[in-house]
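Student: Attaching a single structure in structure tokens format; questions to follow.
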Amino acid sequence: MFRLIFQMIVIGLCSMLFGFAFNIFLIPHKLTSGGVTGIAFFIHHFSQINTGWVILAINLPLFFLGLKFLGKRFVLLTGYAVVILSFSMKFIPIHAISRDILLSSIIGGALYGISVGIIIRLGGSTGGTDIISLTLAKQKNMQVGFLNTCMNLLVVGISGLIFGWNITLYTVIAIYVAGRAVDMVYTTHNKLTLTIVTEKYEELTEALLRLHARGVTVTNAEGAYTHKPKKVLTTVITKFELNETKHTIRTVDSKAFVNIMQTMEVVGRFRKD
């Protein structure tokens with residue numbers, strides 16, 4: 001319960017940061033993001049309907065996609081993030097604090113990407129193309145930030161036709177910075193190798209197998225200082241499972257030593273789900 005409360009507090013703050021980045025740095029300069037947020041901005045530009053409400057409306061059907069492929073907890077946290085984001089964009093005034101469009105595109109993109117990366121790392125998302133990209137990334141083992149950038153190209157093209165290509169080039173900068181920030185905060189590789197030194201290897205092995213049904217290799221070891229017998233557990237997971245895996249390890253053995261390494265490639269049988 002404490003962990004869920006922590007997740008919701010941080011996700012709520014990051015959702016507000018997301019709204020702040022758009023209403024203060026991007027929207028005043030007619031800089032868009034990609035995906036649902038960009039589409040919502042176009043609708044706001046022509047109809048004056050608040051961007052936050054449009055984001056909420058478009059995300060509702062996408063929640064079913066997340067429910068099918070990413071789980072109930074993901075949808076719960078994503079729905080919460082989208083609601084906070086929508087209200088933030090409603091009540092944070094649209095007002096530029098800098099007249100420099102280049103600086104605004106870089107700072108706005110960075111804040112936007114950092115907030116999205118933290119929210120994804122905590123098990124949620126800001127909805128929209130995040131749901132689509134996370135689903136594709138989970139199925140195809142691709143980077144989230146890269147997928148978001150690719151799917152944003154359509155919105156960038158529409159932005160160029162509406163606002164002119166000069167402003168759109170700054171939009172591209174914001175989207176690129178945001179994509180890099182997402183991957184920097186979240187983790188840049190899809191697979192991770194965990195090496196766990198523990199005295200409670202039976203309980204921990206069973207818990208890990210229940211968690212994501214992946215193989216766990218058990219190796220005998222001895223503490224150099226204490227000379228106590230220990231076990232070393234080695235397993236490979238996807239980055240989407242890192243948060244839940246660390247929580248499981250801490251719950252079973254709070255004294256376990258865990259080394260997490262980025263894995264470039266896995267050859268052989270490896271469950272993607």
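Ordered as shown in the structure tokens, chains take letters A, B, and onward, while each chain numbers its residues from 1 and ligands are numbered from 1 in the order shown.
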Can you check which residues of stretch 4-214 of chain A DSSP gives as strand (DSSP E) on the backbone and send them as a list in words?

Tutor: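 Matching residues for strand (DSSP E) in stretch 4-214 of chain A are Lys191, Leu192, Thr193, Leu194, Thr195, Ile196, Val197 and Thr198 of chain A.
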
Student: Identify, on the basis of only C-alpha atoms, every residue whose closest approach to stretch 27-31 of chain A does not exceed 6 Å; exclude the query and any residue fewer than 5 positions from it along the same chain; express the result as number ranges by chain.

Tutor: A: 22, 96, 171

Student: Could you save the residues just selected, with N, CA and C atoms, as an mmCIF file, in the first residue's frame?

Tutor:
data_model
loop_
_atom_site.group_PDB
_atom_site.id
_atom_site.type_symbol
_atom_site.label_atom_id
_atom_site.label_comp_id
_atom_site.auth_asym_id
_atom_site.auth_seq_id
_atom_site.Cartn_x
_atom_site.Cartn_y
_atom_site.Cartn_z
ATOM 1 N N PHE A 22 4.138 22.093 -21.051
ATOM 2 C CA PHE A 22 3.378 22.442 -22.247
ATOM 3 C C PHE A 22 2.799 23.850 -22.174
ATOM 4 N N ALA A 96 3.999 32.267 -21.649
ATOM 5 C CA ALA A 96 5.420 32.031 -21.906
ATOM 6 C C ALA A 96 6.264 32.813 -20.904
ATOM 7 N N THR A 171 9.592 22.418 -33.207
ATOM 8 C CA THR A 171 8.825 21.299 -32.660
ATOM 9 C C THR A 171 9.630 20.011 -32.747
#

Student: Select, from A:Val197, A:Ile120, A:Val216, A:Val155, the residue with the minimum atom-to-atom distance to A:Val182, counting only C-alpha atoms.

Tutor: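 The closest residue to A:Val182 is A:Ile120.
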
Student: Please list as number ranges by chain every residue within 9 Å of stretch 51-62 of chain A, counting only C-alpha atoms and excluding residues in the same chain fewer than 6 positions away.

Tutor: A: 19, 36-37, 39-45, 79, 82-83, 85-90, 127-129, 131-132

Student: Keeping N, CA and C atoms, export the residues of the selection given above as a PDB file, in the first residue's frame.

Tutor:
ATOM      1  N   GLY A  19       2.154  19.113 -17.593  1.00  0.00           N
ATOM      2  CA  GLY A  19       1.264  20.220 -17.935  1.00  0.00           C
ATOM      3  C   GLY A  19       1.969  21.558 -17.894  1.00  0.00           C
ATOM      4  N   VAL A  36      -1.115  12.101 -29.194  1.00  0.00           N
ATOM      5  CA  VAL A  36      -2.392  12.613 -28.699  1.00  0.00           C
ATOM      6  C   VAL A  36      -2.276  14.061 -28.240  1.00  0.00           C
ATOM      7  N   THR A  37      -1.183  14.408 -27.575  1.00  0.00           N
ATOM      8  CA  THR A  37      -1.029  15.791 -27.101  1.00  0.00           C
ATOM      9  C   THR A  37      -0.977  16.766 -28.259  1.00  0.00           C
ATOM     10  N   ILE A  39      -2.305  16.283 -31.278  1.00  0.00           N
ATOM     11  CA  ILE A  39      -3.654  16.330 -31.864  1.00  0.00           C
ATOM     12  C   ILE A  39      -4.569  17.208 -31.018  1.00  0.00           C
ATOM     13  N   ALA A  40      -4.449  17.069 -29.697  1.00  0.00           N
ATOM     14  CA  ALA A  40      -5.265  17.883 -28.796  1.00  0.00           C
ATOM     15  C   ALA A  40      -4.942  19.365 -28.965  1.00  0.00           C
ATOM     16  N   PHE A  41      -3.676  19.679 -29.193  1.00  0.00           N
ATOM     17  CA  PHE A  41      -3.293  21.073 -29.404  1.00  0.00           C
ATOM     18  C   PHE A  41      -3.911  21.625 -30.689  1.00  0.00           C
ATOM     19  N   PHE A  42      -3.939  20.829 -31.749  1.00  0.00           N
ATOM     20  CA  PHE A  42      -4.567  21.268 -33.000  1.00  0.00           C
ATOM     21  C   PHE A  42      -6.055  21.567 -32.786  1.00  0.00           C
ATOM     22  N   ILE A  43      -6.729  20.666 -32.057  1.00  0.00           N
ATOM     23  CA  ILE A  43      -8.157  20.868 -31.785  1.00  0.00           C
ATOM     24  C   ILE A  43      -8.364  22.130 -30.963  1.00  0.00           C
ATOM     25  N   HIS A  44      -7.490  22.330 -29.977  1.00  0.00           N
ATOM     26  CA  HIS A  44      -7.574  23.551 -29.154  1.00  0.00           C
ATOM     27  C   HIS A  44      -7.355  24.797 -30.007  1.00  0.00           C
ATOM     28  N   HIS A  45      -6.436  24.728 -30.953  1.00  0.00           N
ATOM     29  CA  HIS A  45      -6.112  25.892 -31.783  1.00  0.00           C
ATOM     30  C   HIS A  45      -7.316  26.342 -32.610  1.00  0.00           C
ATOM     31  N   GLY A  79      -4.480   6.058 -16.061  1.00  0.00           N
ATOM     32  CA  GLY A  79      -5.702   6.844 -15.944  1.00  0.00           C
ATOM     33  C   GLY A  79      -5.556   7.963 -14.930  1.00  0.00           C
ATOM     34  N   VAL A  82      -3.338  10.684 -16.473  1.00  0.00           N
ATOM     35  CA  VAL A  82      -4.041  11.459 -17.500  1.00  0.00           C
ATOM     36  C   VAL A  82      -5.017  12.449 -16.867  1.00  0.00           C
ATOM     37  N   VAL A  83      -5.706  12.016 -15.814  1.00  0.00           N
ATOM     38  CA  VAL A  83      -6.648  12.916 -15.132  1.00  0.00           C
ATOM     39  C   VAL A  83      -5.906  14.103 -14.510  1.00  0.00           C
ATOM     40  N   LEU A  85      -2.984  15.228 -15.379  1.00  0.00           N
ATOM     41  CA  LEU A  85      -2.457  16.010 -16.490  1.00  0.00           C
ATOM     42  C   LEU A  85      -3.526  16.911 -17.088  1.00  0.00           C
ATOM     43  N   SER A  86      -4.715  16.368 -17.281  1.00  0.00           N
ATOM     44  CA  SER A  86      -5.810  17.141 -17.879  1.00  0.00           C
ATOM     45  C   SER A  86      -6.180  18.338 -17.009  1.00  0.00           C
ATOM     46  N   PHE A  87      -6.286  18.123 -15.702  1.00  0.00           N
ATOM     47  CA  PHE A  87      -6.623  19.227 -14.806  1.00  0.00           C
ATOM     48  C   PHE A  87      -5.473  20.235 -14.725  1.00  0.00           C
ATOM     49  N   SER A  88      -4.228  19.746 -14.801  1.00  0.00           N
ATOM     50  CA  SER A  88      -3.080  20.653 -14.765  1.00  0.00           C
ATOM     51  C   SER A  88      -3.099  21.587 -15.963  1.00  0.00           C
ATOM     52  N   MET A  89      -3.357  21.030 -17.148  1.00  0.00           N
ATOM     53  CA  MET A  89      -3.377  21.848 -18.358  1.00  0.00           C
ATOM     54  C   MET A  89      -4.593  22.771 -18.394  1.00  0.00           C
ATOM     55  N   LYS A  90      -5.614  22.427 -17.604  1.00  0.00           N
ATOM     56  CA  LYS A  90      -6.793  23.282 -17.507  1.00  0.00           C
ATOM     57  C   LYS A  90      -6.521  24.493 -16.622  1.00  0.00           C
ATOM     58  N   GLY A 127      -0.516   8.134 -21.227  1.00  0.00           N
ATOM     59  CA  GLY A 127      -1.554   7.754 -22.182  1.00  0.00           C
ATOM     60  C   GLY A 127      -1.148   8.019 -23.618  1.00  0.00           C
ATOM     61  N   GLY A 128      -2.138   8.033 -24.491  1.00  0.00           N
ATOM     62  CA  GLY A 128      -1.891   8.350 -25.893  1.00  0.00           C
ATOM     63  C   GLY A 128      -0.904   7.408 -26.540  1.00  0.00           C
ATOM     64  N   THR A 129       0.069   7.967 -27.248  1.00  0.00           N
ATOM     65  CA  THR A 129       1.051   7.148 -27.946  1.00  0.00           C
ATOM     66  C   THR A 129       1.968   6.405 -26.985  1.00  0.00           C
ATOM     67  N   ILE A 131       0.917   4.516 -24.594  1.00  0.00           N
ATOM     68  CA  ILE A 131       0.294   3.194 -24.520  1.00  0.00           C
ATOM     69  C   ILE A 131       0.652   2.386 -25.758  1.00  0.00           C
ATOM     70  N   ILE A 132       0.539   3.015 -26.917  1.00  0.00           N
ATOM     71  CA  ILE A 132       0.844   2.321 -28.174  1.00  0.00           C
ATOM     72  C   ILE A 132       2.309   1.927 -28.229  1.00  0.00           C
TER      73      ILE A 132
END

Student: Between A:Ala224, A:Leu192, A:Leu77, A:Val172, which residue has the minimum interatomic distance to A:Ile119, considering only C-alpha atoms?

Tutor: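 Of all the options, A:Leu77 lies closest to A:Ile119.
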
Student: Could you pull the residues within 10 Å of A:Val156, counting only C-alpha atoms, minus those fewer than 6 positions along the same chain, as number ranges by chain?

Tutor: A: 31-35, 38, 162, 165, 168-169, 171-172, 175
